[in-house]
>>> print(open('upload.json').read())   # JSON, C-alpha atoms
[["chain", "number", "residue", "atom", "x", "y", "z"],
["A", 1, "MET", "CA", 4.66, -2.66, 9.83],
["A", 2, "ILE", "CA", 4.41, 0.41, 7.63],
["A", 3, "GLY", "CA", 2.18, 3.39, 8.29],
["A", 4, "PHE", "CA", 1.37, 6.80, 6.94],
["A", 5, "PRO", "CA", -0.41, 9.56, 8.91],
["A", 6, "ALA", "CA", -3.06, 11.85, 7.49],
["A", 7, "ALA", "CA", -1.95, 14.72, 9.69],
["A", 8, "TRP", "CA", -0.44, 17.90, 8.37],
["A", 9, "GLY", "CA", 1.16, 20.91, 9.85],
["A", 10, "GLU", "CA", 4.20, 23.03, 10.28],
["A", 11, "ARG", "CA", 6.78, 23.83, 12.90],
["A", 12, "LYS", "CA", 7.44, 27.55, 13.18],
["A", 13, "ASP", "CA", 9.39, 29.25, 15.97],
["A", 14, "GLY", "CA", 9.16, 26.09, 18.08],
["A", 15, "ILE", "CA", 5.38, 25.86, 17.78],
["A", 16, "VAL", "CA", 3.64, 23.04, 15.90],
["A", 17, "SER", "CA", 0.36, 23.88, 14.17],
["A", 18, "TYR", "CA", -1.45, 20.87, 12.72],
["A", 19, "PHE", "CA", -4.71, 19.29, 11.72],
["A", 20, "ILE", "CA", -5.85, 15.71, 11.31],
["A", 21, "GLY", "CA", -7.38, 14.70, 7.99],
["A", 22, "LYS", "CA", -11.12, 14.25, 8.38],
["A", 23, "GLY", "CA", -14.13, 14.73, 6.14],
["A", 24, "SER", "CA", -13.20, 15.68, 2.57],
["A", 25, "ALA", "CA", -9.47, 15.64, 3.41],
["A", 26, "LYS", "CA", -9.79, 11.88, 3.93],
["A", 27, "LEU", "CA", -10.97, 11.47, 0.36],
["A", 28, "PHE", "CA", -7.47, 12.19, -0.83],
["A", 29, "GLN", "CA", -5.38, 10.79, 2.02],
["A", 30, "SER", "CA", -6.26, 8.74, 5.06],
["A", 31, "THR", "CA", -4.06, 7.47, 7.87],
["A", 32, "THR", "CA", -3.06, 4.03, 6.64],
["A", 33, "PHE", "CA", -1.26, 1.07, 8.21],
["A", 34, "GLY", "CA", -0.38, -2.41, 7.11],
["A", 35, "GLU", "CA", 1.89, -5.30, 7.86],
["A", 36, "ILE", "CA", 4.62, -5.85, 5.29],
["A", 37, "ASN", "CA", 3.29, -9.38, 4.70],
["A", 38, "GLY", "CA", -0.25, -8.02, 4.19],
["A", 39, "LYS", "CA", -1.80, -9.92, 7.10],
["A", 40, "LYS", "CA", -4.18, -8.41, 9.61],
["A", 41, "THR", "CA", -2.46, -9.04, 12.92],
["A", 42, "ASP", "CA", -3.48, -8.34, 16.49],
["A", 43, "ARG", "CA", -0.90, -5.57, 16.77],
["A", 44, "LEU", "CA", -2.29, -3.94, 13.62],
["A", 45, "LYS", "CA", -5.84, -4.12, 15.02],
["A", 46, "LYS", "CA", -4.63, -2.59, 18.30],
["A", 47, "LEU", "CA", -2.80, 0.19, 16.49],
["A", 48, "LEU", "CA", -5.89, 1.03, 14.42],
["A", 49, "GLN", "CA", -7.92, 1.23, 17.66],
["A", 50, "VAL", "CA", -5.36, 3.55, 19.28],
["A", 51, "PHE", "CA", -5.46, 5.90, 16.30],
["A", 52, "LYS", "CA", -9.28, 5.89, 16.26],
["A", 53, "LYS", "CA", -9.30, 6.92, 19.92],
["A", 54, "ALA", "CA", -6.84, 9.71, 19.08],
["A", 55, "GLY", "CA", -9.27, 11.20, 16.54],
["A", 56, "PHE", "CA", -7.90, 9.71, 13.34],
["A", 57, "SER", "CA", -9.88, 7.62, 10.86],
["A", 58, "PRO", "CA", -7.28, 4.95, 10.19],
["A", 59, "SER", "CA", -7.52, 2.38, 7.44],
["A", 60, "GLN", "CA", -5.67, -0.84, 6.82],
["A", 61, "ASN", "CA", -4.01, -1.74, 3.54],
["A", 62, "ASN", "CA", -2.86, -5.25, 2.66],
["A", 63, "ASN", "CA", -0.14, -4.07, 0.29],
["A", 64, "MET", "CA", 1.76, -1.18, 1.84],
["A", 65, "MET", "CA", 4.74, -1.62, -0.48],
["A", 66, "ASP", "CA", 2.55, -0.83, -3.50],
["A", 67, "TRP", "CA", 0.77, 1.84, -1.44],
["A", 68, "GLN", "CA", 4.09, 3.60, -0.77],
["A", 69, "LYS", "CA", 5.16, 3.44, -4.42],
["A", 70, "THR", "CA", 1.75, 4.77, -5.50],
["A", 71, "HIS", "CA", 2.08, 7.58, -2.96],
["A", 72, "VAL", "CA", 5.43, 8.63, -4.42],
["A", 73, "ALA", "CA", 3.90, 8.51, -7.92],
["A", 74, "VAL", "CA", 1.38, 11.11, -6.73],
["A", 75, "ILE", "CA", 3.50, 13.38, -4.55],
["A", 76, "VAL", "CA", 6.45, 13.78, -6.90],
["A", 77, "PRO", "CA", 4.36, 15.42, -9.67],
["A", 78, "ILE", "CA", 2.41, 17.49, -7.14],
["A", 79, "GLY", "CA", 5.69, 18.65, -5.57],
["A", 80, "LYS", "CA", 7.16, 19.54, -8.96],
["A", 81, "ALA", "CA", 4.03, 21.53, -9.84],
["A", 82, "LEU", "CA", 4.24, 23.40, -6.53],
["A", 83, "TYR", "CA", 7.95, 24.14, -6.99],
["A", 84, "LYS", "CA", 7.11, 25.78, -10.31],
["A", 85, "PHE", "CA", 5.25, 28.37, -8.19],
["A", 86, "ASN", "CA", 7.75, 28.51, -5.30],
["A", 87, "SER", "CA", 5.50, 26.22, -3.23],
["A", 88, "ASN", "CA", 2.57, 28.63, -3.47],
["A", 89, "ASN", "CA", -0.50, 26.42, -3.81],
["A", 90, "TYR", "CA", -2.75, 29.43, -4.40],
["A", 91, "GLU", "CA", -0.73, 30.41, -7.48],
["A", 92, "LEU", "CA", -0.70, 26.80, -8.71],
["A", 93, "ALA", "CA", -4.49, 26.80, -8.36],
["A", 94, "LYS", "CA", -4.60, 29.58, -10.99],
["A", 95, "SER", "CA", -2.64, 27.57, -13.58],
["A", 96, "PRO", "CA", -4.86, 25.08, -15.42],
["A", 97, "GLU", "CA", -1.99, 24.17, -17.76],
["A", 98, "THR", "CA", 0.32, 23.22, -14.86],
["A", 99, "LEU", "CA", -2.46, 21.31, -13.09],
["A", 100, "LYS", "CA", -3.14, 19.37, -16.29],
["A", 101, "LYS", "CA", 0.56, 18.57, -16.67],
["A", 102, "MET", "CA", 0.63, 17.46, -13.02],
["A", 103, "ILE", "CA", -2.30, 15.10, -13.60],
["A", 104, "LEU", "CA", -0.72, 13.72, -16.76],
["A", 105, "ALA", "CA", 2.57, 13.21, -14.88],
["A", 106, "ILE", "CA", 0.73, 11.23, -12.19],
["A", 107, "ARG", "CA", -0.87, 9.07, -14.88],
["A", 108, "GLU", "CA", 2.51, 8.60, -16.50],
["A", 109, "CYS", "CA", 3.96, 7.45, -13.16],
["A", 110, "PHE", "CA", 1.01, 5.10, -12.61],
["A", 111, "THR", "CA", 1.52, 3.59, -16.06],
["A", 112, "GLN", "CA", 5.18, 2.94, -15.33],
["A", 113, "LEU", "CA", 4.34, 1.41, -11.95],
["A", 114, "LYS", "CA", 1.80, -0.92, -13.55],
["A", 115, "LYS", "CA", 4.43, -2.03, -16.05],
["A", 116, "LYS", "CA", 6.55, -3.04, -13.04],
["A", 117, "GLY", "CA", 3.66, -5.07, -11.61],
["A", 118, "VAL", "CA", 2.71, -2.53, -8.95],
["A", 119, "LYS", "CA", -0.99, -2.30, -8.15],
["A", 120, "ILE", "CA", -2.21, 1.30, -7.80],
["A", 121, "THR", "CA", -3.40, 1.45, -4.22],
["A", 122, "PRO", "CA", -5.64, 2.59, -2.73],
["A", 123, "ILE", "CA", -7.93, 1.95, -5.66],
["A", 124, "LYS", "CA", -9.64, 5.33, -5.18],
["A", 125, "LEU", "CA", -6.57, 6.96, -6.74],
["A", 126, "ASN", "CA", -7.75, 5.71, -10.10],
["A", 127, "PHE", "CA", -9.85, 8.89, -10.10],
["A", 128, "PHE", "CA", -6.76, 10.41, -11.73],
["A", 129, "TYR", "CA", -7.97, 8.75, -14.93],
["A", 130, "LEU", "CA", -11.08, 10.92, -15.06],
["A", 131, "PRO", "CA", -10.93, 13.39, -17.96],
["A", 132, "CYS", "CA", -8.68, 16.39, -17.37],
["A", 133, "PHE", "CA", -11.57, 18.79, -18.05],
["A", 134, "ILE", "CA", -13.10, 17.38, -14.85],
["A", 135, "LEU", "CA", -9.94, 17.00, -12.77],
["A", 136, "VAL", "CA", -8.30, 20.35, -13.50],
["A", 137, "PRO", "CA", -11.17, 22.40, -11.97],
["A", 138, "ILE", "CA", -11.31, 20.02, -8.99],
["A", 139, "PHE", "CA", -7.58, 20.44, -8.35],
["A", 140, "SER", "CA", -7.86, 24.16, -8.90],
["A", 141, "LEU", "CA", -10.43, 24.32, -6.10],
["A", 142, "GLY", "CA", -8.45, 21.94, -3.91],
["A", 143, "MET", "CA", -5.17, 23.79, -4.32],
["A", 144, "ASN", "CA", -6.89, 27.02, -3.34],
["A", 145, "THR", "CA", -7.36, 25.86, 0.28],
["A", 146, "LYS", "CA", -5.62, 25.92, 3.64],
["A", 147, "ILE", "CA", -5.60, 22.11, 3.51],
["A", 148, "ALA", "CA", -3.40, 22.21, 0.39],
["A", 149, "GLU", "CA", -1.24, 24.88, 2.01],
["A", 150, "PHE", "CA", -0.61, 22.75, 5.11],
["A", 151, "ALA", "CA", -0.71, 19.28, 3.55],
["A", 152, "MET", "CA", 1.36, 20.03, 0.47],
["A", 153, "ALA", "CA", 2.83, 23.49, -0.01],
["A", 154, "LYS", "CA", 4.41, 24.01, 3.41],
["A", 155, "HIS", "CA", 5.84, 20.52, 3.32],
["A", 156, "THR", "CA", 7.49, 21.11, -0.05],
["A", 157, "ILE", "CA", 9.18, 24.22, 1.34],
["A", 158, "VAL", "CA", 11.05, 22.24, 4.02],
["A", 159, "ALA", "CA", 11.38, 18.98, 2.07],
["A", 160, "LYS", "CA", 13.07, 20.06, -1.18],
["A", 161, "ASP", "CA", 16.02, 17.71, -0.71],
["A", 162, "GLU", "CA", 13.70, 14.86, 0.25],
["A", 163, "MET", "CA", 11.53, 15.44, -2.82],
["A", 164, "ASP", "CA", 14.60, 15.48, -5.08],
["A", 165, "VAL", "CA", 15.80, 12.17, -3.63],
["A", 166, "LEU", "CA", 12.33, 10.61, -3.91],
["A", 167, "GLU", "CA", 12.08, 11.62, -7.57],
["A", 168, "LYS", "CA", 15.55, 10.28, -8.35],
["A", 169, "LEU", "CA", 14.94, 6.95, -6.59],
["A", 170, "PHE", "CA", 11.46, 6.60, -8.09],
["A", 171, "ILE", "CA", 12.81, 7.04, -11.62],
["A", 172, "GLU", "CA", 15.59, 4.55, -10.87],
["A", 173, "ILE", "CA", 13.09, 2.00, -9.51],
["A", 174, "LEU", "CA", 11.11, 2.36, -12.72],
["A", 175, "GLY", "CA", 14.27, 1.85, -14.76],
["A", 176, "LYS", "CA", 13.65, 5.14, -16.54],
["A", 177, "THR", "CA", 15.33, 8.48, -16.97],
["A", 178, "LYS", "CA", 13.83, 11.94, -16.77],
["A", 179, "ASP", "CA", 14.02, 12.06, -20.57],
["A", 180, "THR", "CA", 11.74, 9.02, -20.90],
["A", 181, "MET", "CA", 9.08, 10.55, -18.64],
["A", 182, "PRO", "CA", 8.16, 13.77, -20.44],
["A", 183, "TYR", "CA", 5.37, 14.90, -18.11],
["A", 184, "LEU", "CA", 7.72, 14.90, -15.12],
["A", 185, "LYS", "CA", 9.69, 17.70, -16.79],
["A", 186, "PHE", "CA", 8.34, 20.90, -15.27]]
>>> encode(input="upload.json", output="structure tokens")
Amino acid sequence: MIGFPAAWGERKDGIVSYFIGKGSAKLFQSTTFGEINGKKTDRLKKLLQVFKKAGFSPSQNNNMMDWQKTHVAVIVPIGKALYKFNSNNYELAKSPETLKKMILAIRECFTQLKKKGVKITPIKLNFFYLPCFILVPIFSLGMNTKIAEFAMAKHTIVAKDEMDVLEKLFIEILGKTKDTMPYLKF
């Protein structure tokens, strides 16, 4: 079984501050689980119930392998955009040109995944194909929030090595190089 929590936070001086994705935060990322074989099993149903009782809004996905690859295709460009501003989401929010490049990099990653037979999942992520003149202001607003600070920026601060490894492995999986993916160059 593979799962991904929609819970964000930080550990500072031994204290964990967090929040669970609800409402509009769920539009971008929800707590998701699925069996590797895609079947809905009793243990999966039980796990979804446990997370509901804990205050999450869990969802089930029948193709978590594609879900994970799609997730990396989104977070690598977002991470690179944040690193351009030293993980300051509020500064990134003020840069329409970087937000546009981030969106184009995500599209570029999606295109390469599709060429490898990966289905972009969840399907709602196809909103990245809306015109940039619509998406850039939306991301500008979104990046100018505490949610973006906790869910993205603070994580990039402590996960630089992880993000570098994810990018390297993702490009290798695609059979590409950084030179053949121009929008990933920040």
>>> atom_distance(input="upload.json", atom1="CA of Thr32 (chain A)", atom2="CA of Gln60 (chain A)")
5.5 Å
>>> atom_distance(input="upload.json", atom1="CA of Glu91 (chain A)", atom2="CA of Thr121 (chain A)")
29.3 Å
>>> closest_residue(input="upload.json", among="A:Lys45, A:Lys80, A:Lys52, A:Lys176", to="Met102 (chain A)", atoms="only C-alpha atoms")
A:Lys80
>>> closest_residue(input="upload.json", among="A:Ile75, A:Leu92, A:Ile123, A:Ile106", to="Glu162 (chain A)", atoms="all atoms listed in the file")
A:Ile75
>>> closest_residue(input="upload.json", among="A:Val165, A:Leu184, A:Ile120, A:Val50", to="Ala105 (chain A)", atoms="only C-alpha atoms")
A:Leu184
>>> atom_distance(input="upload.json", atom1="CA of Asn88 (chain A)", atom2="CA of Phe56 (chain A)")
27.4 Å
